[in-house]
>>> print(open('structure.csv').read())   # CSV, C-alpha atoms
chain,number,residue,atom,x,y,z
A,631,MET,CA,-8.4,1.3,239.9
A,632,PRO,CA,-7.9,-0.9,243.0
A,633,LYS,CA,-5.8,-4.0,242.7
A,634,ARG,CA,-7.0,-7.5,243.6
A,635,ALA,CA,-6.2,-8.5,247.1
A,636,ALA,CA,-4.4,-11.7,246.2
A,637,VAL,CA,-2.0,-12.3,243.3
A,638,LEU,CA,-1.2,-15.9,242.5
A,639,PRO,CA,2.1,-17.1,241.1
A,640,VAL,CA,2.1,-16.9,237.3
A,641,ASP,CA,2.5,-20.6,236.7
A,642,GLU,CA,-0.8,-21.5,238.5
A,643,PRO,CA,-4.1,-21.8,236.6
A,644,GLY,CA,-5.9,-18.5,236.4
A,645,SER,CA,-2.9,-16.6,237.8
A,646,ALA,CA,-2.7,-14.2,234.9
A,647,PHE,CA,-6.3,-13.2,235.3
A,648,ASN,CA,-6.0,-12.9,239.0
A,649,ALA,CA,-3.2,-10.4,238.5
A,650,LEU,CA,-5.5,-8.0,236.6
A,651,PRO,CA,-7.1,-5.0,238.4
A,652,ALA,CA,-10.4,-6.0,239.7
A,653,ASP,CA,-12.5,-3.5,237.7
A,654,LEU,CA,-10.5,-3.5,234.5
A,655,HIS,CA,-13.2,-5.4,232.6
A,656,HIS,CA,-15.7,-2.6,233.4
A,657,HIS,CA,-13.4,0.0,231.8
A,658,LEU,CA,-12.8,-2.3,228.7
A,659,ARG,CA,-16.3,-3.6,228.1
A,660,PRO,CA,-17.6,-0.4,226.2
A,661,PHE,CA,-14.7,-0.7,223.7
A,662,PHE,CA,-15.0,-4.5,223.0
A,663,ALA,CA,-17.9,-4.2,220.5
A,664,ASP,CA,-15.7,-2.0,218.3
A,665,ILE,CA,-12.7,-4.3,218.8
A,666,THR,CA,-14.8,-7.3,217.8
A,667,GLU,CA,-15.8,-5.5,214.5
A,668,GLU,CA,-12.2,-4.5,213.8
A,669,VAL,CA,-10.9,-8.0,214.4
A,670,PHE,CA,-13.7,-9.5,212.2
A,671,GLU,CA,-13.0,-7.1,209.4
A,672,ALA,CA,-9.2,-7.7,209.6
A,673,ILE,CA,-9.7,-11.5,209.5
A,674,ARG,CA,-12.2,-11.2,206.6
A,675,THR,CA,-9.9,-9.1,204.5
A,676,GLU,CA,-6.4,-10.3,205.4
A,677,ILE,CA,-6.8,-14.0,205.6
A,678,PRO,CA,-8.0,-15.4,202.2
A,679,GLU,CA,-9.4,-18.6,203.7
A,680,TYR,CA,-12.0,-16.6,205.6
A,681,ALA,CA,-13.0,-14.2,202.7
A,682,ARG,CA,-16.4,-15.6,201.7
A,683,PRO,CA,-18.6,-12.5,201.2
A,684,ALA,CA,-21.2,-14.6,199.3
A,685,ASP,CA,-21.5,-17.1,202.1
A,686,ASP,CA,-23.5,-15.2,204.7
A,687,THR,CA,-23.9,-18.2,207.0
A,688,TYR,CA,-20.2,-18.8,207.1
A,689,MET,CA,-19.3,-15.2,207.7
A,690,GLN,CA,-21.8,-15.1,210.6
A,691,GLY,CA,-20.0,-18.1,212.1
A,692,VAL,CA,-16.7,-16.3,211.8
A,693,HIS,CA,-18.1,-13.2,213.5
A,694,ARG,CA,-19.7,-15.3,216.2
A,695,GLY,CA,-16.3,-17.0,216.9
A,696,VAL,CA,-14.6,-13.6,217.3
A,697,ASP,CA,-17.3,-12.4,219.6
A,698,HIS,CA,-17.2,-15.5,221.7
A,699,ALA,CA,-13.5,-15.3,222.1
A,700,LEU,CA,-13.5,-11.6,223.2
A,701,GLN,CA,-16.6,-11.9,225.4
A,702,GLY,CA,-15.1,-15.0,227.0
A,703,PHE,CA,-11.9,-13.1,227.6
A,704,LEU,CA,-13.9,-10.3,229.4
A,705,GLU,CA,-15.8,-12.8,231.5
A,706,ARG,CA,-12.5,-14.4,232.6
A,707,MET,CA,-11.2,-10.9,233.5
A,708,ALA,CA,-14.3,-10.3,235.7
A,709,LYS,CA,-14.3,-13.8,237.2
A,710,PRO,CA,-10.9,-15.6,236.8
A,711,ASP,CA,-12.4,-18.8,238.1
A,712,THR,CA,-15.5,-18.6,235.9
A,713,ASP,CA,-16.6,-21.6,233.9
A,714,TRP,CA,-15.7,-20.8,230.3
A,715,GLU,CA,-16.7,-24.2,228.9
A,716,PRO,CA,-19.3,-22.6,226.5
A,717,VAL,CA,-16.4,-20.7,224.9
A,718,LYS,CA,-14.3,-23.8,224.8
A,719,ALA,CA,-17.2,-25.7,223.3
A,720,THR,CA,-17.4,-23.1,220.5
A,721,TYR,CA,-13.8,-23.4,219.6
A,722,ARG,CA,-13.8,-27.2,219.9
A,723,ARG,CA,-16.6,-27.0,217.2
A,724,ILE,CA,-14.5,-24.7,215.1
A,725,GLY,CA,-11.7,-27.2,215.2
A,726,ARG,CA,-14.0,-30.0,214.2
A,727,GLY,CA,-15.4,-27.9,211.4
A,728,GLU,CA,-11.9,-27.1,210.0
A,729,ALA,CA,-11.1,-30.8,210.0
A,730,GLU,CA,-14.4,-31.8,208.4
A,731,GLU,CA,-13.9,-29.2,205.6
A,732,GLY,CA,-10.5,-30.7,204.9
A,733,ARG,CA,-8.5,-27.7,205.9
A,734,SER,CA,-5.5,-27.4,208.1
A,735,LEU,CA,-5.4,-25.2,211.2
A,736,ASP,CA,-2.9,-22.8,209.6
A,737,SER,CA,-5.5,-20.1,208.7
A,738,PHE,CA,-7.2,-20.4,212.0
A,739,GLN,CA,-3.9,-19.9,213.9
A,740,SER,CA,-3.2,-16.9,211.7
A,741,ALA,CA,-6.7,-15.5,212.6
A,742,LEU,CA,-6.0,-16.0,216.3
A,743,ARG,CA,-2.7,-14.2,216.1
A,744,LEU,CA,-4.2,-11.4,214.1
A,745,GLY,CA,-7.1,-11.0,216.6
A,746,ALA,CA,-4.6,-10.9,219.5
A,747,ARG,CA,-2.4,-8.3,217.8
A,748,MET,CA,-5.4,-6.0,217.0
A,749,THR,CA,-6.8,-6.3,220.6
A,750,TRP,CA,-3.4,-5.5,222.0
A,751,ARG,CA,-3.0,-2.5,219.7
A,752,ARG,CA,-6.4,-1.1,220.7
A,753,VAL,CA,-5.7,-1.5,224.4
A,754,ASN,CA,-2.4,0.3,223.9
A,755,ALA,CA,-4.3,3.1,222.1
A,756,LEU,CA,-6.6,3.4,225.2
A,757,VAL,CA,-3.5,3.6,227.4
A,758,ASP,CA,-2.0,6.3,225.2
A,759,ALA,CA,-5.3,8.2,225.3
A,760,ASP,CA,-5.1,8.1,229.2
A,761,LEU,CA,-8.3,6.0,229.2
A,762,LEU,CA,-6.5,3.2,231.0
A,763,PRO,CA,-3.4,3.4,233.3
A,764,ARG,CA,-0.2,2.2,231.8
A,765,ASN,CA,0.6,-0.2,234.6
A,766,VAL,CA,-2.2,-2.6,233.4
A,767,LEU,CA,-0.5,-3.4,230.1
A,768,ALA,CA,1.9,-6.2,231.4
A,769,ALA,CA,-0.8,-8.1,233.2
A,770,PHE,CA,-3.3,-7.6,230.4
A,771,GLY,CA,-0.9,-8.8,227.7
A,772,GLU,CA,-0.1,-12.0,229.8
A,773,ALA,CA,-3.8,-12.7,230.2
A,774,LEU,CA,-4.5,-12.1,226.6
A,775,PHE,CA,-1.9,-14.4,225.3
A,776,LEU,CA,-2.8,-17.1,227.8
A,777,HIS,CA,-6.3,-16.9,226.6
A,778,LEU,CA,-5.0,-17.2,223.0
A,779,ASP,CA,-3.0,-20.2,223.8
A,780,GLU,CA,-5.9,-22.0,225.6
A,781,MET,CA,-8.2,-21.3,222.6
A,782,ALA,CA,-5.7,-22.7,220.2
A,783,ALA,CA,-5.3,-25.8,222.4
A,784,VAL,CA,-9.0,-26.4,222.6
A,785,THR,CA,-9.4,-25.9,218.8
A,786,THR,CA,-6.5,-28.2,218.1
A,787,ALA,CA,-8.2,-30.8,220.3
A,788,GLY,CA,-11.4,-30.6,218.4
A,789,PHE,CA,-9.5,-30.7,215.1
A,790,THR,CA,-7.6,-33.8,216.2
A,791,GLU,CA,-10.7,-35.6,217.5
A,792,ALA,CA,-12.5,-35.0,214.2
A,793,ARG,CA,-9.5,-36.1,212.1
A,794,LEU,CA,-9.2,-39.3,214.2
A,795,HIS,CA,-12.9,-40.0,214.0
A,796,ALA,CA,-12.8,-39.4,210.2
A,797,ALA,CA,-9.7,-41.6,209.9
A,798,GLY,CA,-11.4,-44.4,211.9
A,799,GLU,CA,-14.6,-44.2,209.8
A,800,LEU,CA,-12.5,-44.2,206.6
A,801,GLN,CA,-10.5,-47.2,207.7
A,802,GLN,CA,-13.7,-49.1,208.6
A,803,ARG,CA,-15.0,-48.5,205.1
A,804,ARG,CA,-11.7,-49.6,203.6
A,805,THR,CA,-11.8,-52.8,205.8
A,806,ARG,CA,-15.3,-53.5,204.6
A,807,LEU,CA,-14.1,-52.9,201.0
A,808,ILE,CA,-11.4,-55.5,201.4
A,809,ASP,CA,-13.9,-58.0,202.6
A,810,LEU,CA,-16.1,-57.2,199.7
A,811,LEU,CA,-13.3,-57.5,197.2
A,812,THR,CA,-12.3,-60.9,198.5
A,813,ALA,CA,-15.8,-62.2,199.1
A,814,ASP,CA,-16.7,-65.7,197.9
A,815,PRO,CA,-19.2,-65.8,196.3
A,816,PRO,CA,-18.1,-62.5,194.7
A,817,ALA,CA,-19.9,-59.2,195.3
A,818,SER,CA,-21.3,-57.3,192.4
A,819,VAL,CA,-19.1,-54.7,190.7
A,820,GLU,CA,-21.8,-52.1,191.5
A,821,ALA,CA,-21.6,-52.8,195.2
A,822,ILE,CA,-17.8,-52.7,195.1
A,823,ALA,CA,-17.8,-49.4,193.3
A,824,GLU,CA,-20.3,-47.8,195.7
A,825,LEU,CA,-18.3,-48.7,198.8
A,826,ALA,CA,-15.0,-47.7,197.1
A,827,HIS,CA,-16.4,-44.3,196.5
A,828,SER,CA,-17.3,-43.8,200.2
A,829,ALA,CA,-13.8,-45.2,201.1
A,830,ARG,CA,-12.1,-42.7,198.8
A,831,TRP,CA,-10.5,-45.5,196.8
A,832,PRO,CA,-10.5,-45.0,193.0
A,833,VAL,CA,-12.0,-48.1,191.3
A,834,PRO,CA,-9.3,-49.9,189.3
A,835,ARG,CA,-9.7,-52.1,186.3
A,836,ALA,CA,-8.1,-55.1,188.0
A,837,VAL,CA,-6.6,-56.1,191.4
A,838,ALA,CA,-4.2,-58.5,192.9
A,839,VAL,CA,-4.1,-59.6,196.6
A,840,VAL,CA,-1.0,-59.9,198.7
A,841,ALA,CA,-0.9,-62.3,201.7
A,842,LEU,CA,1.6,-61.2,204.3
A,843,ASP,CA,3.1,-62.9,207.3
A,844,ASP,CA,3.1,-61.4,210.8
A,845,CYS,CA,5.3,-58.3,211.1
A,846,PRO,CA,8.4,-58.9,213.3
A,847,GLY,CA,7.6,-56.2,215.9
A,848,ALA,CA,4.4,-56.2,218.0
A,849,GLY,CA,2.1,-53.6,216.6
A,850,SER,CA,4.4,-52.6,213.8
A,851,HIS,CA,3.1,-52.6,210.3
A,852,PRO,CA,4.7,-51.7,206.9
A,853,ILE,CA,4.0,-48.3,205.6
A,854,VAL,CA,2.3,-48.6,202.3
A,855,ALA,CA,0.9,-46.0,199.9
A,856,PRO,CA,-2.8,-45.0,200.4
A,857,GLU,CA,-3.8,-46.6,197.1
A,858,PHE,CA,-3.1,-50.0,198.6
A,859,LEU,CA,-5.9,-51.3,200.8
A,860,ALA,CA,-4.5,-53.0,203.9
A,861,ARG,CA,-5.7,-55.2,206.8
A,862,PHE,CA,-3.2,-56.1,209.4
A,863,ASP,CA,-5.8,-57.5,212.0
A,864,VAL,CA,-6.2,-60.8,210.2
A,865,ARG,CA,-3.8,-63.7,209.6
A,866,PRO,CA,-2.4,-63.6,207.1
A,867,ALA,CA,-2.5,-59.9,206.7
A,868,VAL,CA,-3.9,-58.7,203.4
A,869,LEU,CA,-3.1,-56.0,200.9
A,870,VAL,CA,-5.2,-55.2,197.8
A,871,VAL,CA,-3.1,-53.9,195.0
A,872,PRO,CA,-5.0,-51.8,192.3
A,873,ASP,CA,-3.9,-52.3,188.7
A,874,PRO,CA,-0.8,-54.3,189.7
A,875,GLU,CA,0.5,-54.4,186.1
A,876,GLY,CA,0.9,-50.6,186.2
A,877,PRO,CA,4.5,-49.3,185.8
A,878,GLY,CA,6.5,-49.6,188.9
A,879,ARG,CA,3.6,-50.7,191.0
A,880,VAL,CA,4.9,-54.1,192.1
A,881,ARG,CA,8.4,-52.7,192.6
A,882,ALA,CA,7.1,-50.0,194.9
A,883,LEU,CA,5.1,-52.5,197.0
A,884,ALA,CA,8.0,-54.9,197.2
A,885,GLY,CA,10.2,-52.1,198.6
A,886,ALA,CA,7.6,-51.3,201.3
A,887,LEU,CA,7.4,-55.0,202.3
A,888,GLN,CA,11.2,-55.6,202.3
A,889,GLY,CA,12.2,-58.0,205.0
A,890,LEU,CA,8.7,-59.5,205.3
A,891,ARG,CA,7.4,-62.8,204.0
A,892,ALA,CA,4.8,-61.9,201.3
A,893,ALA,CA,3.1,-63.6,198.4
A,894,MET,CA,1.2,-61.9,195.6
A,895,GLY,CA,-1.8,-63.6,194.0
A,896,PRO,CA,-2.6,-63.3,190.3
A,897,THR,CA,-4.1,-60.2,188.7
A,898,VAL,CA,-7.8,-60.7,188.5
A,899,ALA,CA,-11.0,-58.8,187.7
A,900,LEU,CA,-12.4,-56.6,190.4
A,901,GLN,CA,-14.9,-59.1,191.7
A,902,ASP,CA,-12.5,-62.1,191.7
A,903,GLY,CA,-10.3,-61.0,194.6
A,904,ALA,CA,-11.1,-64.2,196.5
A,905,ARG,CA,-9.2,-66.3,193.9
A,906,SER,CA,-6.2,-64.0,194.1
A,907,LEU,CA,-6.2,-64.2,197.9
A,908,ARG,CA,-6.5,-68.0,197.9
A,909,TRP,CA,-3.6,-68.4,195.6
A,910,ALA,CA,-1.5,-65.9,197.5
A,911,SER,CA,-2.2,-67.7,200.8
A,912,GLU,CA,-1.2,-71.0,199.2
A,913,THR,CA,2.0,-69.5,197.9
A,914,LEU,CA,2.7,-68.0,201.3
A,915,ASP,CA,2.2,-71.4,202.9
A,916,LEU,CA,4.8,-72.9,200.5
A,917,MET,CA,7.2,-70.2,201.5
A,918,ARG,CA,6.7,-71.1,205.2
A,919,ARG,CA,7.4,-74.7,204.4
A,920,GLY,CA,10.6,-73.9,202.6
A,921,VAL,CA,9.3,-75.2,199.2
A,922,LEU,CA,9.7,-71.7,197.7
A,923,ALA,CA,12.7,-69.6,198.4
A,924,GLU,CA,11.9,-66.3,200.1
A,925,THR,CA,12.7,-63.3,197.9
A,926,VAL,CA,11.6,-59.7,198.3
A,927,MET,CA,8.0,-60.7,197.3
A,928,VAL,CA,7.0,-64.0,195.6
A,929,ARG,CA,4.5,-63.7,192.8
A,930,CYS,CA,2.4,-66.9,192.5
A,931,GLN,CA,2.2,-66.5,188.7
A,932,ASP,CA,5.9,-67.4,188.7
A,933,HIS,CA,5.2,-70.7,190.5
A,934,LEU,CA,2.0,-72.0,189.0
A,935,THR,CA,3.3,-75.5,188.4
A,936,THR,CA,4.5,-75.7,192.0
A,937,LEU,CA,1.1,-74.5,193.3
A,938,LEU,CA,-0.7,-77.0,191.2
A,939,LEU,CA,1.5,-80.0,192.2
A,940,LEU,CA,1.3,-79.2,196.0
A,941,ARG,CA,-2.3,-78.2,196.4
A,942,ASP,CA,-3.2,-81.6,197.8
A,943,ASP,CA,-0.6,-83.6,199.7
A,944,ALA,CA,-2.9,-86.6,200.1
A,945,LEU,CA,-3.5,-86.7,196.3
A,946,ILE,CA,0.2,-86.7,195.6
A,947,ASP,CA,0.7,-89.4,198.2
A,948,ALA,CA,-1.9,-91.5,196.5
A,949,MET,CA,-0.3,-90.9,193.0
A,950,ALA,CA,3.1,-91.8,194.4
A,951,GLU,CA,1.7,-95.0,196.0
A,952,HIS,CA,0.1,-95.9,192.7
A,953,ARG,CA,2.9,-95.2,190.3
A,954,LEU,CA,6.1,-95.3,192.4
A,955,ARG,CA,5.4,-98.4,194.6
A,956,PRO,CA,8.1,-100.5,192.8
A,957,LEU,CA,10.8,-98.2,194.3
A,958,GLU,CA,9.8,-99.4,197.8
A,959,GLN,CA,11.6,-102.7,196.9
A,960,VAL,CA,15.0,-100.9,197.0
A,961,ARG,CA,16.8,-99.7,200.1
A,962,PRO,CA,16.7,-95.9,200.8
A,963,PRO,CA,20.1,-94.7,199.6
A,964,GLN,CA,19.7,-96.5,196.2
A,965,ARG,CA,16.0,-95.6,196.1
A,966,GLU,CA,16.8,-91.8,196.1
A,967,ARG,CA,19.3,-92.3,193.4
A,968,LEU,CA,16.9,-94.3,191.2
A,969,ALA,CA,14.1,-91.8,191.8
A,970,GLU,CA,16.4,-88.9,190.8
A,971,THR,CA,17.5,-90.7,187.7
A,972,LEU,CA,14.0,-91.6,186.7
A,973,LEU,CA,12.8,-88.0,187.1
A,974,SER,CA,15.7,-86.6,185.0
A,975,TRP,CA,15.1,-89.3,182.4
A,976,LEU,CA,11.5,-88.3,182.1
A,977,GLN,CA,12.3,-84.6,182.0
A,978,CYS,CA,15.1,-85.1,179.4
A,979,GLY,CA,12.9,-86.9,177.0
A,980,ARG,CA,14.4,-90.3,177.9
A,981,ASN,CA,17.8,-89.2,176.7
A,982,ALA,CA,20.5,-91.0,178.8
A,983,SER,CA,23.3,-88.6,177.7
A,984,GLU,CA,21.4,-85.6,178.8
A,985,VAL,CA,20.6,-87.3,182.1
A,986,ALA,CA,24.3,-88.0,182.7
A,987,VAL,CA,25.1,-84.3,182.1
A,988,ARG,CA,22.3,-83.2,184.4
A,989,LEU,CA,23.3,-85.6,187.2
A,990,ALA,CA,27.1,-85.2,186.6
A,991,VAL,CA,27.5,-89.0,186.3
A,992,HIS,CA,28.9,-91.3,183.6
A,993,PRO,CA,26.4,-92.3,180.9
A,994,GLN,CA,27.1,-95.9,181.7
A,995,THR,CA,25.9,-95.2,185.3
A,996,VAL,CA,22.7,-93.9,183.9
A,997,ARG,CA,22.2,-96.9,181.6
A,998,TYR,CA,22.8,-99.2,184.6
A,999,ARG,CA,20.3,-97.4,186.7
A,1000,MET,CA,17.7,-97.5,183.9
A,1001,ARG,CA,18.1,-101.2,183.5
A,1002,GLN,CA,17.3,-101.5,187.3
A,1003,LEU,CA,14.3,-99.2,186.8
A,1004,ASP,CA,13.1,-101.3,183.8
A,1005,GLU,CA,13.3,-104.4,186.0
A,1006,LEU,CA,11.3,-102.7,188.7
A,1007,PHE,CA,8.6,-101.0,186.6
A,1008,GLY,CA,8.3,-103.2,183.6
A,1009,ALA,CA,5.9,-102.2,180.9
A,1010,GLN,CA,4.6,-99.1,182.7
A,1011,LEU,CA,8.0,-97.4,182.3
A,1012,HIS,CA,7.2,-97.2,178.6
A,1013,ASP,CA,3.6,-96.2,179.0
A,1014,ARG,CA,3.1,-92.5,178.2
A,1015,ALA,CA,0.2,-92.0,180.7
A,1016,ALA,CA,2.2,-93.8,183.4
A,1017,GLN,CA,5.3,-91.7,182.6
A,1018,PHE,CA,3.3,-88.5,183.0
A,1019,GLU,CA,1.9,-89.5,186.4
A,1020,MET,CA,5.4,-90.7,187.6
A,1021,GLN,CA,6.9,-87.4,186.6
A,1022,VAL,CA,4.2,-85.5,188.4
A,1023,ALA,CA,4.6,-87.6,191.5
A,1024,LEU,CA,8.4,-87.4,191.5
A,1025,ARG,CA,8.5,-83.7,190.9
A,1026,ALA,CA,5.9,-83.0,193.7
A,1027,LEU,CA,7.9,-85.2,196.1
A,1028,GLU,CA,11.1,-83.3,195.2
A,1029,LEU,CA,9.4,-79.9,195.8
A,1030,ARG,CA,8.0,-81.2,199.1
A,1031,ARG,CA,11.5,-81.9,200.3
A,1032,GLY,CA,12.3,-78.2,199.7
A,1033,VAL,CA,14.4,-78.6,196.6
A,1034,THR,CA,13.9,-75.3,194.7
A,1035,SER,CA,15.2,-76.0,191.3
A,1036,ALA,CA,14.0,-74.1,188.2
>>> encode(input="structure.csv", output="structure tokens")
Amino acid sequence: MPKRAAVLPVDEPGSAFNALPADLHHHLRPFFADITEEVFEAIRTEIPEYARPADDTYMQGVHRGVDHALQGFLERMAKPDTDWEPVKATYRRIGRGEAEEGRSLDSFQSALRLGARMTWRRVNALVDADLLPRNVLAAFGEALFLHLDEMAAVTTAGFTEARLHAAGELQQRRTRLIDLLTADPPASVEAIAELAHSARWPVPRAVAVVALDDCPGAGSHPIVAPEFLARFDVRPAVLVVPDPEGPGRVRALAGALQGLRAAMGPTVALQDGARSLRWASETLDLMRRGVLAETVMVRCQDHLTTLLLLRDDALIDAMAEHRLRPLEQVRPPQRERLAETLLSWLQCGRNASEVAVRLAVHPQTVRYRMRQLDELFGAQLHDRAAQFEMQVALRALELRRGVTSA
């Protein structure tokens, strides 16, 4: 068989096929129908993933894939620069199909290797039978394994495209699910359950919502388990925690969010996620302001009084103006001491001895300050309703200054 006139370096595209004898494909073509059948039978019997004798449509697809691969190989031998896009399209579809059926490419890669080994074995047998010259083996083997590598690359590309597309669609559904879970007014349980099914998210009995500050690195997000729904494209970022009272659930989440400022709303029914998100966001705001100390993850249920007292600064200012105005008559240093004493007195049930211990001062100092307060406030100091509002206002002002006492 005459050689081709030009032989390209092996690292250029098509060089392996250009190095083949010009008429080799004519000599091989009569044998490729049998090779196709042998490869198909080997794949069907030796690779369990492809053994579906009852699924005729699937087996026809496998046979068609083998035939396309070998016929495409022959065409490239005949015309090294031929357009083999139809073959590539077939294998791109195979890659997409494997991804859509939820399989890995392991079985497919095994099938490719098995097909290449059997084709190489048959060509060696033809050489041994003197039906082909022995000097074609090196070039044929190089071209065969180049073809194998390129088919694997195209299939992998199709597989990756499908996986990325599926992941994108799944994330879109999960994003819509977060919106539905935190909607106000709330969505129906039926609507939530339907979208959860398409988002591959098992419907829990209850949820809690976590509000999360910006991550420190641009584009970096914490890695959380798939059962947590996450949105990092909003501010604050949002995580939906299913059945948060489950064993170890909060601890696992806190570990994933370590180093980030995060607040967890209360556990609520499935359709009440908006309330959990609202309280989590308010708790996060108090953390930013320094009212609440930043720990691994703050749970708003541990700070309900603080949340209640600081929900409306204007309202607290109005209450302070109404109930604490007499303190304005005193200069600032003494005013703070009197306010601290008054709050402790109210919290300790108006027991001067306990106030002295709490403030680490002499009981006589407490009595002296209380006489001053009695002169300032008069009868309202002994009015239970006024005492309650004074205590609320003083505690809120203390929290606002960032004092984080128990």
>>> atom_distance(input="structure.csv", atom1="CA of Pro896 in chain A", atom2="CA of Gln931 in chain A")
6.0 Å
>>> residues_around(input="structure.csv", residues="Gly732 in chain A", least_positions_apart="5", cutoff="10 Å", atoms="only C-alpha atoms", output="MDAnalysis selection string")
chainID A and resid 726:727 793
>>> closest_residue(input="structure.csv", among="A:Leu887, A:Leu1003, A:Met894, A:Ala787", to="Thr720 in chain A", atoms="only C-alpha atoms")
A:Ala787
>>> residues_around(input="structure.csv", residues="Phe1018 in chain A", least_positions_apart="2", cutoff="12 Å", atoms="all atoms listed in the file", output="list in words")
Met949, Ala950, Arg953, Leu954, Leu972, Leu973, Trp975, Leu976, Gln977, Gly979, Gln1010, Leu1011, His1012, Asp1013, Arg1014, Ala1015, Ala1016, Met1020, Gln1021, Val1022, Ala1023, Leu1024 and Arg1025 of chain A
>>> closest_residue(input="structure.csv", among="A:Leu907, A:Leu1027, A:Ala944, A:Gln1002", to="Thr971 in chain A", atoms="all atoms listed in the file")
A:Gln1002
>>> atom_distance(input="structure.csv", atom1="CA of Phe862 in chain A", atom2="CA of Gln888 in chain A")
16.1 Å
>>> residues_around(input="structure.csv", residues="Ala782 in chain A", least_positions_apart="4", cutoff="10 Å", atoms="all atoms listed in the file", output="MDAnalysis selection string")
chainID A and resid 718 721:722 725 735 738:739 742:743 776:778 786:788
>>> closest_atom_pairs(input="structure.csv", of="range 793-847 of chain A", to="range 913-923 of chain A", cutoff="9 Å", atoms="all atoms listed in the file", output="CSV")
residue,atom,partner,partner_atom,distance
A:Ala841,CA,A:Leu914,CA,6.8
A:Leu842,CA,A:Leu914,CA,7.5
A:Asp843,CA,A:Leu914,CA,7.9
>>> write_last_selection(input="structure.csv", atoms="C-alpha atoms", output="compact mmCIF listing (two decimals), in the coordinates of the input")
# COMPACT_ATOMS: atom_id res chain seq x y z
CA ALA A 841 -0.90 -62.30 201.70
CA LEU A 842 1.60 -61.20 204.30
CA ASP A 843 3.10 -62.90 207.30
>>> closest_residue(input="structure.csv", among="A:Thr925, A:Ser911, A:Ser828, A:Thr666", to="Leu937 in chain A", atoms="all atoms listed in the file")
A:Ser911
>>> atom_distance(input="structure.csv", atom1="CA of Leu957 in chain A", atom2="CA of Gly1008 in chain A")
12.1 Å
>>> closest_residue(input="structure.csv", among="A:Val928, A:Leu890, A:Val839, A:Leu939", to="Arg905 in chain A", atoms="all atoms listed in the file")
A:Val839
>>> closest_residue(input="structure.csv", among="A:His698, A:Thr812, A:Arg861, A:Pro956", to="Arg908 in chain A", atoms="all atoms listed in the file")
A:Thr812
>>> closest_residue(input="structure.csv", among="A:Ile822, A:Val854, A:Ala836, A:Ala860", to="Pro874 in chain A", atoms="only C-alpha atoms")
A:Ala836
>>> residues_around(input="structure.csv", residues="Phe703 in chain A", least_positions_apart="6", cutoff="10 Å", atoms="all atoms listed in the file", output="PyMOL selection string")
chain A and resi 647+655+697+709-710+714+717+773-774+776-778
>>> write_last_selection(input="structure.csv", atoms="C-alpha atoms", output="compact mmCIF listing (two decimals), in the coordinates of the input")
# COMPACT_ATOMS: atom_id res chain seq x y z
CA PHE A 647 -6.30 -13.20 235.30
CA HIS A 655 -13.20 -5.40 232.60
CA ASP A 697 -17.30 -12.40 219.60
CA LYS A 709 -14.30 -13.80 237.20
CA PRO A 710 -10.90 -15.60 236.80
CA TRP A 714 -15.70 -20.80 230.30
CA VAL A 717 -16.40 -20.70 224.90
CA ALA A 773 -3.80 -12.70 230.20
CA LEU A 774 -4.50 -12.10 226.60
CA LEU A 776 -2.80 -17.10 227.80
CA HIS A 777 -6.30 -16.90 226.60
CA LEU A 778 -5.00 -17.20 223.00
>>> residues_around(input="structure.csv", residues="Arg674 in chain A", least_positions_apart="3", cutoff="12 Å", atoms="only C-alpha atoms", output="PyMOL selection string")
chain A and resi 667-671+677-683+685+688-693+696+737-738+740-741+744-745
